[in-house]
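One file, final-v8.txt, carrying compact mmCIF, C-alpha atoms and all ligand atoms:
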```
# COMPACT_ATOMS: atom_id res chain seq x y z
CA MET V 30 -0.23 9.33 -22.49
CA LYS V 31 0.37 10.68 -18.98
CA ILE V 32 -2.79 11.03 -16.93
CA ILE V 33 -3.76 11.79 -13.34
CA MET V 34 -7.15 11.07 -11.79
CA LEU V 35 -8.75 13.57 -9.43
CA GLY V 36 -11.93 13.19 -7.41
CA ALA V 37 -13.24 12.56 -3.92
CA PRO V 38 -12.79 9.20 -2.16
CA GLY V 39 -15.23 6.77 -3.76
CA ALA V 40 -15.89 8.96 -6.83
CA GLY V 41 -14.87 6.07 -9.10
CA LYS V 42 -11.25 7.04 -9.85
CA GLY V 43 -9.98 3.49 -9.44
CA THR V 44 -12.82 2.01 -11.50
CA GLN V 45 -12.18 4.40 -14.40
CA ALA V 46 -8.37 4.26 -14.08
CA LYS V 47 -8.42 0.46 -14.56
CA LEU V 48 -10.53 0.84 -17.75
CA ILE V 49 -8.28 3.61 -19.11
CA ALA V 50 -5.10 1.63 -18.33
CA LYS V 51 -6.48 -1.39 -20.20
CA LYS V 52 -7.64 0.54 -23.27
CA TYR V 53 -4.48 2.64 -23.66
CA ALA V 54 -2.06 -0.08 -22.45
CA ILE V 55 -0.41 2.08 -19.78
CA PRO V 56 0.36 1.12 -16.15
CA HIS V 57 -2.25 1.96 -13.51
CA ILE V 58 -0.43 3.33 -10.47
CA SER V 59 -2.68 3.64 -7.42
CA THR V 60 -0.93 4.99 -4.33
CA GLY V 61 -3.75 3.58 -2.16
CA ASP V 62 -3.25 0.09 -3.67
CA ILE V 63 0.53 0.35 -3.16
CA PHE V 64 0.03 1.23 0.52
CA ARG V 65 -2.56 -1.54 1.02
CA GLU V 66 -0.19 -4.09 -0.58
CA ASN V 67 2.59 -2.93 1.77
CA ILE V 68 0.26 -3.18 4.79
CA LYS V 69 -0.68 -6.73 3.74
CA ASN V 70 3.01 -7.66 3.43
CA GLY V 71 3.95 -6.02 6.76
CA THR V 72 6.66 -3.77 5.25
CA ASP V 73 8.05 -0.66 6.99
CA LEU V 74 6.17 1.50 4.47
CA GLY V 75 2.97 -0.38 5.26
CA LYS V 76 3.48 0.05 9.02
CA LEU V 77 4.04 3.79 8.52
CA ALA V 78 1.04 4.26 6.20
CA LYS V 79 -1.47 2.17 8.19
CA GLY V 80 -2.05 4.63 11.03
CA TYR V 81 -2.67 7.55 8.68
CA MET V 82 -4.99 5.52 6.44
CA ASP V 83 -7.04 4.06 9.29
CA ARG V 84 -7.58 7.58 10.64
CA GLY V 85 -8.60 8.85 7.18
CA GLU V 86 -5.59 11.16 7.04
CA LEU V 87 -3.04 11.59 4.27
CA VAL V 88 0.32 9.85 4.41
CA PRO V 89 3.06 12.58 4.63
CA ASP V 90 3.94 14.20 1.29
CA GLU V 91 7.64 13.31 1.39
CA VAL V 92 6.85 9.58 1.70
CA VAL V 93 4.33 9.54 -1.19
CA VAL V 94 6.34 11.81 -3.49
CA LYS V 95 9.45 9.62 -3.28
CA LEU V 96 7.38 6.51 -3.94
CA VAL V 97 5.68 7.93 -7.05
CA VAL V 98 8.72 9.73 -8.49
CA ASP V 99 10.70 6.45 -8.27
CA ARG V 100 7.82 4.46 -9.78
CA ILE V 101 7.31 6.65 -12.86
CA LYS V 102 11.01 6.32 -13.75
CA ALA V 103 10.51 2.58 -14.35
CA ASP V 104 10.73 1.31 -17.93
CA ASP V 105 7.04 0.40 -18.17
CA CYS V 106 6.16 4.11 -17.73
CA ALA V 107 8.19 5.25 -20.75
CA ASP V 108 5.06 5.50 -22.93
CA GLY V 109 2.85 6.90 -20.21
CA PHE V 110 0.96 6.03 -17.03
CA ILE V 111 -2.18 6.77 -15.13
CA LEU V 112 -1.79 7.99 -11.56
CA ASP V 113 -4.78 7.24 -9.31
CA GLY V 114 -4.77 8.95 -5.89
CA PHE V 115 -1.71 11.09 -6.58
CA PRO V 116 -1.18 14.01 -6.39
CA ARG V 117 -3.44 14.84 -3.47
CA THR V 118 -1.92 18.08 -2.19
CA ILE V 119 -0.44 21.16 -3.87
CA PRO V 120 3.12 20.23 -2.74
CA GLN V 121 2.63 16.75 -4.27
CA ALA V 122 1.44 18.33 -7.56
CA GLU V 123 4.42 20.69 -7.61
CA SER V 124 6.84 17.82 -6.94
CA LEU V 125 5.28 15.82 -9.79
CA THR V 126 5.55 18.75 -12.21
CA GLU V 127 9.22 19.21 -11.25
CA ALA V 128 10.02 15.49 -11.49
CA LEU V 129 8.45 15.28 -14.96
CA ALA V 130 10.22 18.46 -16.10
CA ARG V 131 13.57 16.90 -15.12
CA GLU V 132 12.76 14.08 -17.57
CA LYS V 133 11.52 16.65 -20.15
CA MET V 134 7.95 15.38 -19.78
CA VAL V 135 4.57 16.96 -19.01
CA LEU V 136 1.19 15.60 -17.98
CA ASP V 137 -1.36 15.32 -20.79
CA TYR V 138 -4.62 15.10 -18.83
CA ALA V 139 -5.99 15.62 -15.32
CA ILE V 140 -9.38 13.88 -15.21
CA ASP V 141 -11.67 15.05 -12.41
CA VAL V 142 -14.49 12.61 -11.62
CA GLU V 143 -17.20 14.79 -10.06
CA VAL V 144 -19.58 13.15 -7.56
CA PRO V 145 -21.43 14.89 -4.69
CA ASP V 146 -20.73 13.79 -1.11
CA GLU V 147 -24.14 12.13 -0.56
CA VAL V 148 -23.59 9.77 -3.53
CA ILE V 149 -20.04 9.06 -2.29
CA ILE V 150 -21.28 7.82 1.07
CA LYS V 151 -23.66 5.35 -0.64
CA ARG V 152 -20.94 4.13 -2.98
CA ILE V 153 -18.32 3.60 -0.29
CA SER V 154 -20.65 1.77 2.10
CA GLY V 155 -21.39 -0.78 -0.66
CA ARG V 156 -17.86 -1.12 -1.99
CA ARG V 157 -16.10 -4.46 -1.65
CA ALA V 158 -12.44 -4.98 -2.58
CA CYS V 159 -10.54 -8.16 -3.40
CA THR V 160 -7.99 -9.02 -0.72
CA GLN V 161 -5.58 -10.33 -3.40
CA CYS V 162 -5.88 -8.45 -6.72
CA ALA V 163 -7.49 -5.15 -5.57
CA ALA V 164 -10.44 -5.57 -7.99
CA ILE V 165 -13.33 -3.30 -6.98
CA TYR V 166 -17.01 -4.27 -6.70
CA HIS V 167 -20.21 -2.72 -5.36
CA VAL V 168 -22.94 -4.78 -3.72
CA ASP V 169 -25.64 -3.03 -5.82
CA PHE V 170 -23.95 -1.28 -8.78
CA GLN V 171 -21.21 -3.77 -9.68
CA PRO V 172 -21.86 -7.04 -7.85
CA PRO V 173 -19.54 -10.04 -8.23
CA LYS V 174 -21.02 -13.20 -9.80
CA ARG V 175 -20.84 -14.97 -6.40
CA GLU V 176 -21.48 -12.88 -3.28
CA GLY V 177 -18.27 -12.05 -1.39
CA ILE V 178 -15.98 -13.76 -3.95
CA CYS V 179 -13.74 -12.06 -6.55
CA ASP V 180 -14.66 -12.94 -10.17
CA THR V 181 -11.02 -12.74 -11.24
CA ASP V 182 -9.20 -14.92 -8.70
CA GLY V 183 -11.82 -16.38 -6.34
CA SER V 184 -10.42 -14.54 -3.28
CA GLU V 185 -12.50 -13.04 -0.49
CA LEU V 186 -14.06 -9.57 -0.94
CA VAL V 187 -13.96 -7.25 2.07
CA LEU V 188 -15.02 -3.77 3.21
CA ARG V 189 -11.83 -1.68 3.36
CA ASN V 190 -10.61 -0.71 6.83
CA ASP V 191 -10.97 3.00 5.99
CA ASP V 192 -14.50 2.59 4.56
CA LYS V 193 -16.21 2.73 7.98
CA PRO V 194 -18.73 5.65 8.03
CA GLU V 195 -16.77 7.81 10.53
CA THR V 196 -13.52 7.42 8.58
CA VAL V 197 -15.27 8.19 5.28
CA LEU V 198 -16.49 11.54 6.68
CA LYS V 199 -12.93 12.35 7.76
CA ARG V 200 -11.59 11.40 4.30
CA LEU V 201 -14.18 13.64 2.63
CA ASN V 202 -13.14 16.58 4.86
CA VAL V 203 -9.49 15.96 4.05
CA TYR V 204 -10.38 15.80 0.33
CA HIS V 205 -12.21 19.15 0.39
CA ALA V 206 -9.45 20.87 2.37
CA GLN V 207 -6.33 19.45 0.72
CA THR V 208 -7.12 17.83 -2.63
CA GLN V 209 -9.91 19.92 -4.15
CA PRO V 210 -7.54 22.92 -4.64
CA LEU V 211 -5.77 20.78 -7.27
CA ILE V 212 -8.74 21.31 -9.59
CA ASP V 213 -7.77 24.98 -9.95
CA TYR V 214 -4.09 24.05 -10.18
CA TYR V 215 -4.71 21.85 -13.23
CA LYS V 216 -7.30 24.25 -14.69
CA LYS V 217 -4.52 26.84 -14.81
CA GLU V 218 -2.25 24.25 -16.48
CA GLU V 219 -5.06 23.85 -19.08
CA ILE V 220 -5.16 20.06 -18.84
CA LEU V 221 -8.25 19.61 -16.64
CA PHE V 222 -11.13 17.51 -17.95
CA ALA V 223 -14.14 17.25 -15.60
CA VAL V 224 -16.58 14.39 -16.04
CA ASP V 225 -19.95 13.86 -14.34
CA GLY V 226 -19.23 10.72 -12.29
CA THR V 227 -22.82 10.18 -11.11
CA ARG V 228 -23.72 8.28 -14.29
CA SER V 229 -23.10 4.58 -14.96
CA THR V 230 -19.51 3.33 -15.13
CA ASP V 231 -19.89 2.72 -18.90
CA ASP V 232 -21.27 6.20 -19.58
CA VAL V 233 -18.49 7.87 -17.59
CA PHE V 234 -15.87 5.80 -19.43
CA SER V 235 -17.40 6.62 -22.86
CA GLU V 236 -17.08 10.33 -22.17
CA ILE V 237 -13.47 9.91 -21.03
CA GLU V 238 -12.64 7.82 -24.14
CA GLU V 239 -14.17 10.47 -26.37
CA HIS V 240 -12.00 13.14 -24.74
CA LEU V 241 -8.75 11.11 -24.85
CA GLY V 242 -9.26 9.86 -28.42
CA ASP V 243 -7.69 6.70 -29.88
P1 LIG V 301 -7.08 5.60 -2.04
O1 LIG V 301 -7.05 4.15 -2.10
O2 LIG V 301 -6.51 6.42 -3.14
O3 LIG V 301 -8.58 6.04 -1.72
P2 LIG V 301 -9.48 7.27 -2.21
O4 LIG V 301 -8.87 8.35 -2.99
O5 LIG V 301 -10.11 7.69 -0.96
O6 LIG V 301 -10.32 6.66 -3.30
P3 LIG V 301 -11.09 5.35 -3.21
O7 LIG V 301 -10.20 4.19 -3.56
O8 LIG V 301 -11.82 5.28 -1.90
O9 LIG V 301 -12.22 5.57 -4.31
P4 LIG V 301 -12.21 5.66 -5.87
O10 LIG V 301 -12.43 7.06 -6.30
O11 LIG V 301 -11.04 4.93 -6.47
O12 LIG V 301 -13.56 4.89 -6.17
P5 LIG V 301 -13.83 3.39 -6.70
O13 LIG V 301 -13.49 3.27 -8.13
O14 LIG V 301 -13.26 2.38 -5.73
O15 LIG V 301 -6.34 6.13 -0.71
C1 LIG V 301 -6.59 5.54 0.54
C2 LIG V 301 -5.72 6.21 1.59
O16 LIG V 301 -4.31 6.04 1.25
C3 LIG V 301 -5.89 7.73 1.74
O17 LIG V 301 -6.97 8.06 2.60
C4 LIG V 301 -4.52 8.13 2.33
O18 LIG V 301 -4.44 7.83 3.70
C5 LIG V 301 -3.56 7.20 1.58
N1 LIG V 301 -3.06 7.83 0.34
C6 LIG V 301 -3.25 7.37 -0.93
N2 LIG V 301 -2.68 8.20 -1.83
C7 LIG V 301 -2.11 9.22 -1.10
C8 LIG V 301 -1.42 10.39 -1.45
N3 LIG V 301 -1.17 10.72 -2.73
N4 LIG V 301 -1.00 11.21 -0.45
C9 LIG V 301 -1.22 10.91 0.84
N5 LIG V 301 -1.91 9.80 1.25
C10 LIG V 301 -2.34 8.98 0.28
O19 LIG V 301 -15.43 3.37 -6.58
C11 LIG V 301 -16.08 3.42 -5.31
C12 LIG V 301 -17.29 2.45 -5.30
O20 LIG V 301 -18.28 2.92 -6.22
C13 LIG V 301 -16.95 1.01 -5.79
O21 LIG V 301 -17.72 0.10 -5.04
C14 LIG V 301 -17.35 1.01 -7.25
O22 LIG V 301 -17.74 -0.30 -7.67
C15 LIG V 301 -18.53 1.98 -7.27
N6 LIG V 301 -18.62 2.76 -8.49
C16 LIG V 301 -17.59 3.30 -9.21
N7 LIG V 301 -18.06 3.99 -10.28
C17 LIG V 301 -19.42 3.90 -10.21
C18 LIG V 301 -20.48 4.41 -11.03
N8 LIG V 301 -20.25 5.17 -12.11
N9 LIG V 301 -21.76 4.13 -10.64
C19 LIG V 301 -22.01 3.37 -9.54
N10 LIG V 301 -21.04 2.85 -8.75
C20 LIG V 301 -19.77 3.11 -9.07
```
Just dump the structure as structure tokens.
Ligand code: AP5
Amino acid sequence: MKIIMLGAPGAGKGTQAKLIAKKYAIPHISTGDIFRENIKNGTDLGKLAKGYMDRGELVPDEVVVKLVVDRIKADDCADGFILDGFPRTIPQAESLTEALAREKMVLDYAIDVEVPDEVIIKRISGRRACTQCAAIYHVDFQPPKREGICDTDGSELVLRNDDKPETVLKRLNVYHAQTQPLIDYYKKEEILFAVDGTRSTDDVFSEIEEHLGD
């Protein structure tokens, strides 16, 4: 099963992508997580991405496209994958379609998690992320068992660098200008499935499961 997740920053793409990846046993590929891991490790890619991310801007298409096209050729993607945070621009979507076509593959689903901007701002301000395993929590909606500590590996939970209010507004503007047009792109491809992301995590996941089947 080959899936992409669409939706504004903080809509719950990562939360749902992790659940989908577990249920359908496919790799969860988050471009944001890959960049954050590279920033943590001080790689050249991390140094390049950091400035864009801290400003709430997109990393240039050519950098992200190469990264993803290489990643989906790996053996663990042979039976499918879920892309979270990619594509984010029309050129990225076109590059993905072309890369898959070269391997005689197509996407099966584009899942759009719909959440209005005012709910997004509340979600992002309460989000906490594990510094080690990238697990996601929310201080009100999905709190860890011990405040500030990851349930999975006991590491510290932090507010992401790009989750400061001014950067979130910039990210939302970038989303509306550059990523939202992908909804029409995948509607035309007849693979778009829109889900109301304002409900509980479990309710959103149940609707996605129903659509994807067993
Ligand atoms: P990325 O990491 O992809 O960030 P994003 O798209 O802005 O998405 P988020 O991770 O902020 O949110 P999410 O939708 O995954 O929500 P989550 O599940 O965490 O990208 C970061 C940056 O990297 C970009 O700005 C860009 O610079 C760069 N980048 C990445 N990909 C790129 C690309 N393709 N091209 C160019 N640049 C790229 O949920 C949010 C919060 O809400 C959590 O606290 C969660 O616990 C809570 N929550 C989730 N679901 C629910 C629910 N149903 N009810 C209540 N709370 C919920």
Computed interatomic separation between CA of Leu74 (chain V) and CA of Leu87 (chain V) (Å):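 Interatomic distance, CA of Leu74 (chain V) to CA of Leu87 (chain V): 13.7 Å.
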Ligand LIG 301 (chain V): which residues are within 6 Å, counting only C-alpha atoms and all ligand atoms, as number ranges by chain? V: 38-44, 60-62, 81-82, 85-89, 93, 114-117, 152-153, 155-157, 165-167, 170-171, 200, 226-230
Pick the closest to Gly109 (chain V) from V:Val203, V:Leu198, V:Ile55, V:Leu48: which is it, counting all atoms listed in the file?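 The shortest atom-to-atom distance to Gly109 (chain V) comes from V:Ile55.
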Do you know which residues are at most 12 Å from Ala54 (chain V) counting all atoms listed in the file, after dropping those on the same chain fewer than 6 positions away, and could you put them as a list of chain:residue names?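 Contacts, in chain order: V:Met30, V:Lys31, V:Ala46, V:Lys47, V:Leu48, V:Asp105, V:Cys106, V:Ala107, V:Asp108, V:Gly109, V:Phe110, V:Ile111, V:Asp243.
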So that I can see what lies close to region 217-220 of chain V, please list as a list in words the residues with an atom at most 9 Å from it, counting all atoms listed in the file and leaving out residues fewer than 2 positions away in the same chain.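 Residues meeting the cut-off are Leu136, Asp137, Tyr138, Ala139, Ile140, Ile212, Asp213, Tyr214, Tyr215 and Phe222 of chain V.
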Between V:Lys69, V:Leu77, V:Ile150, V:Gln45, smallest distance to Leu201 (chain V) by all atoms listed in the file belongs to V:Ile150
Selected residue, from V:Lys51, V:Arg189, V:His57, V:Arg65, that lies nearest to Ile101 (chain V) when counting all atoms listed in the file: V:His57
As a short mmCIF file (atom, residue, chain, number, x, y, z; two decimals) with C-alpha atoms, keeping the file's coordinate frame, please: the residues near Gly36 (chain V) (cut-off 8 Å, all atoms listed in the file, same-chain neighbours under 6 positions excluded).
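What ended up in out.cif:
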```cif
data_model
loop_
_atom_site.label_atom_id
_atom_site.label_comp_id
_atom_site.auth_asym_id
_atom_site.auth_seq_id
_atom_site.Cartn_x
_atom_site.Cartn_y
_atom_site.Cartn_z
CA LYS V 42 -11.25 7.04 -9.85
CA ASP V 141 -11.67 15.05 -12.41
CA VAL V 142 -14.49 12.61 -11.62
CA GLU V 143 -17.20 14.79 -10.06
CA VAL V 144 -19.58 13.15 -7.56
CA GLN V 209 -9.91 19.92 -4.15
#
```
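One distance worth recording is that between CA of Asp83 (chain V) and CA of Arg175 (chain V), which is 28.3 Å.
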Need the shell around Glu176 (chain V): protein/DNA/RNA residues with any atom at most 12 Å away, counting only C-alpha atoms. Skip same-chain ones fewer than 3 positions apart. Format as a short mmCIF file (atom, residue, chain, number, x, y, z; two decimals) with C-alpha atoms, keeping the file's coordinate frame?
```
data_model
loop_
_atom_site.label_atom_id
_atom_site.label_comp_id
_atom_site.auth_asym_id
_atom_site.auth_seq_id
_atom_site.Cartn_x
_atom_site.Cartn_y
_atom_site.Cartn_z
CA ARG V 157 -16.10 -4.46 -1.65
CA CYS V 159 -10.54 -8.16 -3.40
CA TYR V 166 -17.01 -4.27 -6.70
CA HIS V 167 -20.21 -2.72 -5.36
CA VAL V 168 -22.94 -4.78 -3.72
CA ASP V 169 -25.64 -3.03 -5.82
CA GLN V 171 -21.21 -3.77 -9.68
CA PRO V 172 -21.86 -7.04 -7.85
CA PRO V 173 -19.54 -10.04 -8.23
CA CYS V 179 -13.74 -12.06 -6.55
CA ASP V 180 -14.66 -12.94 -10.17
CA GLY V 183 -11.82 -16.38 -6.34
CA SER V 184 -10.42 -14.54 -3.28
CA GLU V 185 -12.50 -13.04 -0.49
CA LEU V 186 -14.06 -9.57 -0.94
CA VAL V 187 -13.96 -7.25 2.07
#
```
Atom-to-atom span, CA of Leu96 (chain V) and CA of Gln121 (chain V), Å: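 One can read the CA of Leu96 (chain V) to CA of Gln121 (chain V) distance as 11.3 Å.
When all atoms listed in the file are used to compute distances to Asn70 (chain V), the closest of the residues V:Pro194, V:Gln161, V:Asp113, V:Ala206 turns out to be V:Gln161.
Of the residues under consideration (V:Ala223, V:Ile32, V:Val94, V:Leu241), V:Val94 shows the shortest atom-to-atom contact distance to Ala122 (chain V) when counting all atoms listed in the file.
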